[in-house]
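Next up, target_8.pdb (PDB, C-alpha atoms, pLDDT in the B column):
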```pdb
ATOM      1  CA  MET A   1     -23.604 -12.269   1.896  1.00 85.00           C
ATOM      2  CA  PRO A   2     -20.478 -10.112   1.827  1.00 91.00           C
ATOM      3  CA  THR A   3     -17.640 -10.741   4.241  1.00 95.00           C
ATOM      4  CA  ARG A   4     -17.195  -8.093   6.935  1.00 97.00           C
ATOM      5  CA  ILE A   5     -14.169  -8.466   9.197  1.00 98.00           C
ATOM      6  CA  LEU A   6     -13.009  -5.982  11.819  1.00 98.00           C
ATOM      7  CA  LEU A   7      -9.524  -6.557  13.208  1.00 98.00           C
ATOM      8  CA  GLU A   8      -9.500  -5.135  16.714  1.00 97.00           C
ATOM      9  CA  GLY A   9      -6.350  -4.512  18.699  1.00 95.00           C
ATOM     10  CA  ARG A  10      -4.394  -2.135  20.836  1.00 91.00           C
ATOM     11  CA  PRO A  11      -1.851   0.240  19.272  1.00 87.00           C
ATOM     12  CA  GLY A  12       1.255  -1.703  18.297  1.00 87.00           C
ATOM     13  CA  SER A  13      -0.567  -5.048  18.190  1.00 92.00           C
ATOM     14  CA  GLY A  14       0.245  -5.591  14.502  1.00 93.00           C
ATOM     15  CA  LYS A  15      -2.971  -4.545  12.753  1.00 95.00           C
ATOM     16  CA  THR A  16      -1.231  -2.576   9.991  1.00 95.00           C
ATOM     17  CA  THR A  17       1.275  -5.368   9.375  1.00 95.00           C
ATOM     18  CA  ILE A  18      -1.593  -7.853   9.069  1.00 97.00           C
ATOM     19  CA  VAL A  19      -3.383  -5.695   6.481  1.00 97.00           C
ATOM     20  CA  ARG A  20      -0.207  -5.188   4.430  1.00 96.00           C
ATOM     21  CA  ARG A  21       0.660  -8.886   4.502  1.00 97.00           C
ATOM     22  CA  LEU A  22      -2.920  -9.831   3.624  1.00 97.00           C
ATOM     23  CA  ALA A  23      -2.868  -7.489   0.605  1.00 96.00           C
ATOM     24  CA  ALA A  24       0.420  -9.033  -0.558  1.00 96.00           C
ATOM     25  CA  LEU A  25      -0.904 -12.590  -0.164  1.00 96.00           C
ATOM     26  CA  LEU A  26      -4.062 -12.113  -2.242  1.00 96.00           C
ATOM     27  CA  ARG A  27      -3.835 -13.774  -5.641  1.00 94.00           C
ATOM     28  CA  THR A  28      -7.434 -13.750  -6.888  1.00 93.00           C
ATOM     29  CA  ARG A  29      -8.661 -10.499  -5.322  1.00 93.00           C
ATOM     30  CA  ARG A  30      -7.897  -6.849  -5.940  1.00 93.00           C
ATOM     31  CA  ALA A  31      -7.309  -4.958  -2.684  1.00 95.00           C
ATOM     32  CA  VAL A  32      -8.575  -1.373  -2.605  1.00 96.00           C
ATOM     33  CA  GLY A  33      -7.991   0.970   0.303  1.00 97.00           C
ATOM     34  CA  PHE A  34      -5.155   2.265   2.438  1.00 98.00           C
ATOM     35  CA  THR A  35      -2.848   1.696   5.359  1.00 97.00           C
ATOM     36  CA  THR A  36      -1.457   4.100   7.921  1.00 95.00           C
ATOM     37  CA  GLU A  37       1.837   4.047   9.738  1.00 93.00           C
ATOM     38  CA  GLU A  38       3.685   5.966  12.379  1.00 93.00           C
ATOM     39  CA  ILE A  39       6.269   8.579  11.453  1.00 96.00           C
ATOM     40  CA  ARG A  40       9.153   8.565  13.911  1.00 94.00           C
ATOM     41  CA  HIS A  41      12.041  10.959  14.418  1.00 91.00           C
ATOM     42  CA  GLY A  42      14.735  10.058  16.897  1.00 90.00           C
ATOM     43  CA  GLY A  43      12.626   7.286  18.384  1.00 89.00           C
ATOM     44  CA  THR A  44       9.680   9.597  19.071  1.00 93.00           C
ATOM     45  CA  ARG A  45       6.392   9.374  17.182  1.00 94.00           C
ATOM     46  CA  SER A  46       5.757  12.671  15.421  1.00 96.00           C
ATOM     47  CA  GLY A  47       2.883  11.771  13.126  1.00 96.00           C
ATOM     48  CA  PHE A  48       1.140   9.327  10.844  1.00 97.00           C
ATOM     49  CA  ALA A  49       1.328   8.756   7.098  1.00 97.00           C
ATOM     50  CA  LEU A  50      -1.396   7.300   4.876  1.00 98.00           C
ATOM     51  CA  GLU A  51      -0.533   5.126   1.865  1.00 97.00           C
ATOM     52  CA  THR A  52      -2.885   3.769  -0.789  1.00 97.00           C
ATOM     53  CA  LEU A  53      -2.786   0.057  -1.573  1.00 96.00           C
ATOM     54  CA  GLU A  54      -2.993   0.663  -5.299  1.00 92.00           C
ATOM     55  CA  GLY A  55      -0.339   2.994  -6.634  1.00 92.00           C
ATOM     56  CA  GLY A  56       1.400   3.504  -3.310  1.00 93.00           C
ATOM     57  CA  MET A  57       0.489   7.186  -3.074  1.00 96.00           C
ATOM     58  CA  ARG A  58       1.601   8.496   0.304  1.00 97.00           C
ATOM     59  CA  ALA A  59       1.073  11.655   2.348  1.00 98.00           C
ATOM     60  CA  VAL A  60       1.311  12.814   5.938  1.00 98.00           C
ATOM     61  CA  LEU A  61      -2.148  12.511   7.514  1.00 98.00           C
ATOM     62  CA  ALA A  62      -1.339  13.850  10.961  1.00 97.00           C
ATOM     63  CA  HIS A  63       1.684  15.478  12.553  1.00 97.00           C
ATOM     64  CA  VAL A  64       2.660  17.305  15.726  1.00 97.00           C
ATOM     65  CA  ASP A  65       3.616  20.316  13.573  1.00 96.00           C
ATOM     66  CA  PHE A  66       0.206  20.534  11.830  1.00 96.00           C
ATOM     67  CA  PRO A  67      -2.001  23.212  13.362  1.00 93.00           C
ATOM     68  CA  GLY A  68      -5.342  21.527  12.760  1.00 83.00           C
ATOM     69  CA  PRO A  69      -8.220  21.683  13.204  1.00 93.00           C
ATOM     70  CA  PRO A  70      -9.014  19.020  13.808  1.00 96.00           C
ATOM     71  CA  ARG A  71      -6.600  17.887  16.459  1.00 95.00           C
ATOM     72  CA  VAL A  72      -6.441  14.355  17.777  1.00 95.00           C
ATOM     73  CA  GLY A  73      -4.313  14.282  20.868  1.00 94.00           C
ATOM     74  CA  ARG A  74      -1.156  16.199  20.065  1.00 95.00           C
ATOM     75  CA  TYR A  75      -1.562  15.780  16.291  1.00 97.00           C
ATOM     76  CA  GLY A  76      -3.076  18.151  13.794  1.00 97.00           C
ATOM     77  CA  VAL A  77      -4.910  16.190  11.083  1.00 97.00           C
ATOM     78  CA  ASP A  78      -4.825  17.109   7.390  1.00 97.00           C
ATOM     79  CA  LEU A  79      -8.327  16.103   6.269  1.00 97.00           C
ATOM     80  CA  GLY A  80      -7.315  16.907   2.691  1.00 97.00           C
ATOM     81  CA  VAL A  81      -5.206  13.733   2.690  1.00 97.00           C
ATOM     82  CA  MET A  82      -8.352  11.709   3.351  1.00 97.00           C
ATOM     83  CA  GLU A  83     -10.141  13.537   0.534  1.00 97.00           C
ATOM     84  CA  ARG A  84      -7.278  13.219  -1.974  1.00 97.00           C
ATOM     85  CA  LEU A  85      -5.914   9.743  -1.228  1.00 97.00           C
ATOM     86  CA  ALA A  86      -8.232   7.615   0.893  1.00 97.00           C
ATOM     87  CA  LEU A  87     -11.639   8.454  -0.524  1.00 97.00           C
ATOM     88  CA  PRO A  88     -11.220   8.137  -4.337  1.00 96.00           C
ATOM     89  CA  PRO A  89     -10.461   4.384  -4.404  1.00 95.00           C
ATOM     90  CA  LEU A  90     -13.184   3.715  -1.836  1.00 97.00           C
ATOM     91  CA  ARG A  91     -15.723   5.730  -3.850  1.00 96.00           C
ATOM     92  CA  SER A  92     -14.761   3.834  -6.982  1.00 93.00           C
ATOM     93  CA  ALA A  93     -15.133   0.473  -5.239  1.00 93.00           C
ATOM     94  CA  ALA A  94     -18.546   1.446  -3.854  1.00 93.00           C
ATOM     95  CA  ALA A  95     -19.850   2.865  -7.139  1.00 91.00           C
ATOM     96  CA  ASP A  96     -18.651   0.112  -9.455  1.00 86.00           C
ATOM     97  CA  PRO A  97     -17.341  -2.926  -7.569  1.00 84.00           C
ATOM     98  CA  ALA A  98     -15.498  -5.377  -9.771  1.00 83.00           C
ATOM     99  CA  PRO A  99     -15.820  -9.084  -9.015  1.00 85.00           C
ATOM    100  CA  GLY A 100     -13.181  -9.986  -6.472  1.00 87.00           C
ATOM    101  CA  ASP A 101     -12.679  -6.473  -5.122  1.00 92.00           C
ATOM    102  CA  LEU A 102     -11.851  -6.345  -1.436  1.00 96.00           C
ATOM    103  CA  VAL A 103     -11.795  -3.125   0.580  1.00 98.00           C
ATOM    104  CA  LEU A 104      -8.964  -2.980   3.127  1.00 98.00           C
ATOM    105  CA  ILE A 105      -9.015  -0.057   5.557  1.00 98.00           C
ATOM    106  CA  ASP A 106      -6.282   0.561   8.123  1.00 96.00           C
ATOM    107  CA  GLU A 107      -7.797   2.102  10.067  1.00 93.00           C
ATOM    108  CA  LEU A 108     -11.139   3.263  11.382  1.00 97.00           C
ATOM    109  CA  GLY A 109      -9.437   5.473  13.954  1.00 95.00           C
ATOM    110  CA  ARG A 110     -10.037   8.914  15.419  1.00 94.00           C
ATOM    111  CA  MET A 111      -7.808  10.680  12.885  1.00 95.00           C
ATOM    112  CA  GLU A 112      -9.447   9.072   9.870  1.00 97.00           C
ATOM    113  CA  LEU A 113     -12.966   9.397  11.311  1.00 96.00           C
ATOM    114  CA  ALA A 114     -12.431  13.144  11.825  1.00 96.00           C
ATOM    115  CA  CYS A 115     -13.286  13.281   8.104  1.00 97.00           C
ATOM    116  CA  THR A 116     -17.088  13.255   7.840  1.00 97.00           C
ATOM    117  CA  ALA A 117     -16.947  12.240   4.173  1.00 97.00           C
ATOM    118  CA  PHE A 118     -14.887   9.193   5.195  1.00 98.00           C
ATOM    119  CA  GLN A 119     -17.474   8.227   7.807  1.00 97.00           C
ATOM    120  CA  ASP A 120     -20.188   8.512   5.149  1.00 97.00           C
ATOM    121  CA  MET A 121     -18.159   6.397   2.724  1.00 97.00           C
ATOM    122  CA  VAL A 122     -17.570   3.693   5.337  1.00 98.00           C
ATOM    123  CA  ARG A 123     -21.308   3.558   6.058  1.00 97.00           C
ATOM    124  CA  CYS A 124     -21.960   3.259   2.322  1.00 96.00           C
ATOM    125  CA  LEU A 125     -19.399   0.467   1.934  1.00 97.00           C
ATOM    126  CA  PHE A 126     -20.886  -1.490   4.830  1.00 96.00           C
ATOM    127  CA  GLU A 127     -24.282  -1.292   3.108  1.00 93.00           C
ATOM    128  CA  SER A 128     -22.866  -2.465  -0.245  1.00 92.00           C
ATOM    129  CA  ASP A 129     -22.131  -5.973  -1.480  1.00 91.00           C
ATOM    130  CA  ILE A 130     -18.344  -5.598  -1.346  1.00 94.00           C
ATOM    131  CA  ASP A 131     -16.157  -7.556   1.074  1.00 96.00           C
ATOM    132  CA  ILE A 132     -14.410  -5.461   3.740  1.00 97.00           C
ATOM    133  CA  VAL A 133     -11.546  -5.975   6.170  1.00 98.00           C
ATOM    134  CA  ALA A 134     -10.865  -3.001   8.429  1.00 98.00           C
ATOM    135  CA  THR A 135      -8.826  -2.385  11.547  1.00 98.00           C
ATOM    136  CA  VAL A 136     -10.188  -0.727  14.685  1.00 97.00           C
ATOM    137  CA  HIS A 137      -8.760   0.222  18.066  1.00 91.00           C
ATOM    138  CA  ALA A 138      -9.854  -1.721  21.104  1.00 90.00           C
ATOM    139  CA  HIS A 139     -11.050   1.484  22.823  1.00 90.00           C
ATOM    140  CA  SER A 140     -14.676   2.523  22.681  1.00 92.00           C
ATOM    141  CA  ASP A 141     -15.837   4.909  19.951  1.00 94.00           C
ATOM    142  CA  PRO A 142     -19.476   5.498  18.933  1.00 96.00           C
ATOM    143  CA  PHE A 143     -18.800   4.995  15.226  1.00 97.00           C
ATOM    144  CA  THR A 144     -16.776   1.787  15.517  1.00 97.00           C
ATOM    145  CA  ASP A 145     -18.899   0.474  18.405  1.00 97.00           C
ATOM    146  CA  ALA A 146     -21.932   0.618  16.085  1.00 97.00           C
ATOM    147  CA  LEU A 147     -20.040  -1.319  13.411  1.00 97.00           C
ATOM    148  CA  LYS A 148     -18.905  -3.935  15.950  1.00 97.00           C
ATOM    149  CA  GLN A 149     -22.552  -4.516  16.919  1.00 96.00           C
ATOM    150  CA  ARG A 150     -23.708  -5.305  13.387  1.00 97.00           C
ATOM    151  CA  PRO A 151     -24.827  -8.921  12.996  1.00 97.00           C
ATOM    152  CA  ASP A 152     -22.831  -9.343   9.760  1.00 96.00           C
ATOM    153  CA  ILE A 153     -19.496  -8.443  11.413  1.00 97.00           C
ATOM    154  CA  ALA A 154     -16.805 -10.933  12.347  1.00 97.00           C
ATOM    155  CA  LEU A 155     -14.809  -9.226  15.100  1.00 97.00           C
ATOM    156  CA  VAL A 156     -11.291 -10.680  15.312  1.00 97.00           C
ATOM    157  CA  GLN A 157      -9.057  -9.802  18.252  1.00 97.00           C
ATOM    158  CA  VAL A 158      -5.441  -9.225  17.209  1.00 97.00           C
ATOM    159  CA  THR A 159      -3.036 -10.619  19.796  1.00 93.00           C
ATOM    160  CA  ARG A 160       0.631 -11.527  19.967  1.00 89.00           C
ATOM    161  CA  THR A 161      -0.468 -15.159  19.719  1.00 92.00           C
ATOM    162  CA  ASN A 162      -2.430 -14.863  16.463  1.00 95.00           C
ATOM    163  CA  ARG A 163      -0.971 -11.856  14.646  1.00 94.00           C
ATOM    164  CA  ASP A 164       1.607 -13.854  12.672  1.00 96.00           C
ATOM    165  CA  SER A 165      -0.912 -16.401  11.375  1.00 97.00           C
ATOM    166  CA  LEU A 166      -3.827 -14.022  10.715  1.00 97.00           C
ATOM    167  CA  PRO A 167      -2.760 -12.790   7.239  1.00 97.00           C
ATOM    168  CA  GLU A 168      -2.592 -16.338   5.846  1.00 97.00           C
ATOM    169  CA  ASP A 169      -5.808 -17.356   7.645  1.00 96.00           C
ATOM    170  CA  LEU A 170      -7.647 -14.322   6.291  1.00 97.00           C
ATOM    171  CA  ALA A 171      -6.314 -14.800   2.761  1.00 97.00           C
ATOM    172  CA  ALA A 172      -7.487 -18.416   2.777  1.00 95.00           C
ATOM    173  CA  ARG A 173     -10.903 -17.362   4.067  1.00 95.00           C
ATOM    174  CA  LEU A 174     -11.275 -14.561   1.523  1.00 95.00           C
ATOM    175  CA  GLU A 175     -10.037 -16.473  -1.504  1.00 93.00           C
ATOM    176  CA  GLY A 176     -11.755 -19.743  -0.681  1.00 77.00           C
ATOM    177  CA  PRO A 177     -10.688 -23.195  -1.786  1.00 63.00           C
TER     178      PRO A 177
END
```
Could you render the structure from this file as structure tokens?
Amino acid sequence: MPTRILLEGRPGSGKTTIVRRLAALLRTRRAVGFTTEEIRHGGTRSGFALETLEGGMRAVLAHVDFPGPPRVGRYGVDLGVMERLALPPLRSAAADPAPGDLVLIDELGRMELACTAFQDMVRCLFESDIDIVATVHAHSDPFTDALKQRPDIALVQVTRTNRDSLPEDLAARLEGP
């Protein structure tokens, strides 16, 4: 049975750092997917960038200066970034998973889920035989709430107490003895 781990935490809890450190720690697995991070100017958050794990391609996913639609809070979201950067490696992993592939998604958030094709791909991945680690916000959302209720999901709360040890713990779990 494939491994399905959702890392749940509040904004700023360290979810992105955990995913990046986990990807760097893996020695026997190929990590496929993406991370997101805040863009700050003068100490104020102005947007979010998406970066692929393989190849390090990067683009601005959401920004206060983007008109949208869609809009999530004060940010306009560029759904083309999801189509161009996030989806191709996920489609490849779903269509032809190589032994040892691991899908890492940071994150299953409102901006990313504004892309219907991304929602469809996530559903497809969760029905496949590939291992998945994804981050989710602690707040309620119909899409992520349904994932959290799946019997094959290990829901891990990210806290200040465990966030430093989680990457090593997850790497050990995913790579085995």
Exercise for the section: Name the residues, using the chain letters and numbers of the file, that sit within 12 Å of (-15.8, 10.6, 9.5) when counting only C-alpha atoms, and give them as a list in words. Expected result: Pro70, Leu79, Met82, Glu83, Ala86, Leu87, Glu107, Leu108, Gly109, Arg110, Met111, Glu112, Leu113, Ala114, Cys115, Thr116, Ala117, Phe118, Gln119, Asp120, Met121, Val122, Arg123, Cys124, Asp141, Pro142, Phe143 and Thr144 of chain A
Fill in the blank from the handout: From atom CA of Gly42 of chain A to atom CA of Phe66 of chain A the spacing works out at 18.6 Å
Practice task
List the residues selected by the PyMOL selection byres ((chain A and resi 156) around 9) in the file shown, writing them as a list in words.
Solution key: Ile5, Leu6, Leu7, Glu8, Gly9, Ala154, Leu155, Gln157 and Val158 of chain A
Can you write out the residues you just picked, keeping C-alpha atoms, as an mmCIF file, keeping the file's coordinate frame?
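Contents of the output file selection22.cif:
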```cif
data_model
loop_
_atom_site.group_PDB
_atom_site.id
_atom_site.type_symbol
_atom_site.label_atom_id
_atom_site.label_comp_id
_atom_site.auth_asym_id
_atom_site.auth_seq_id
_atom_site.Cartn_x
_atom_site.Cartn_y
_atom_site.Cartn_z
ATOM 1 C CA ILE A 5 -14.169 -8.466 9.197
ATOM 2 C CA LEU A 6 -13.009 -5.982 11.819
ATOM 3 C CA LEU A 7 -9.524 -6.557 13.208
ATOM 4 C CA GLU A 8 -9.500 -5.135 16.714
ATOM 5 C CA GLY A 9 -6.350 -4.512 18.699
ATOM 6 C CA ALA A 154 -16.805 -10.933 12.347
ATOM 7 C CA LEU A 155 -14.809 -9.226 15.100
ATOM 8 C CA GLN A 157 -9.057 -9.802 18.252
ATOM 9 C CA VAL A 158 -5.441 -9.225 17.209
#
```
Handout entry: Nearest-residue call for Pro167 of chain A, choices A:Ala49, A:Val133, A:Glu37, A:Asp78, using all atoms listed in the file
Key = A:Val133
Practice task
Find, counting all atoms listed in the file, the residue in A:Leu166, A:Met57, A:Ile130, A:Ala24 that gets nearest to Pro99 of chain A.
Solution key: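 Comparing A:Leu166, A:Met57, A:Ile130, A:Ala24 against Pro99 of chain A, the winner is A:Ile130.
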To test the calculation: enclose all listed atoms of segment 61-72 of chain A in a box whose edges run along x, y and z, add 8 Å on each side, then state centre and edge lengths in Å to one decimal, as AutoDock Vina command-line options.
```
--center_x -2.7 --center_y 17.9 --center_z 12.6 --size_x 28.6 --size_y 26.7 --size_z 26.3
```
Handout entry: Neighbour residues at most 10 Å from (-19.9, -3.4, -1.4) (all atoms listed in the file) as JSON, numbers by chain
Key = {"A": [2, 3, 4, 90, 93, 94, 95, 96, 97, 98, 101, 102, 103, 124, 125, 126, 127, 128, 129, 130, 131, 132]}
Handout entry: Given the PyMOL selection byres ((chain A and resi 48) around 7), the residues it picks as a list in words
Key =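 Output from the PyMOL selection byres ((chain A and resi 48) around 7), applied to this file: Thr36, Glu37, Glu38, Ile39, Gly47, Ala49, Leu50, Val60, Leu61, Ala62 and His63 of chain A.
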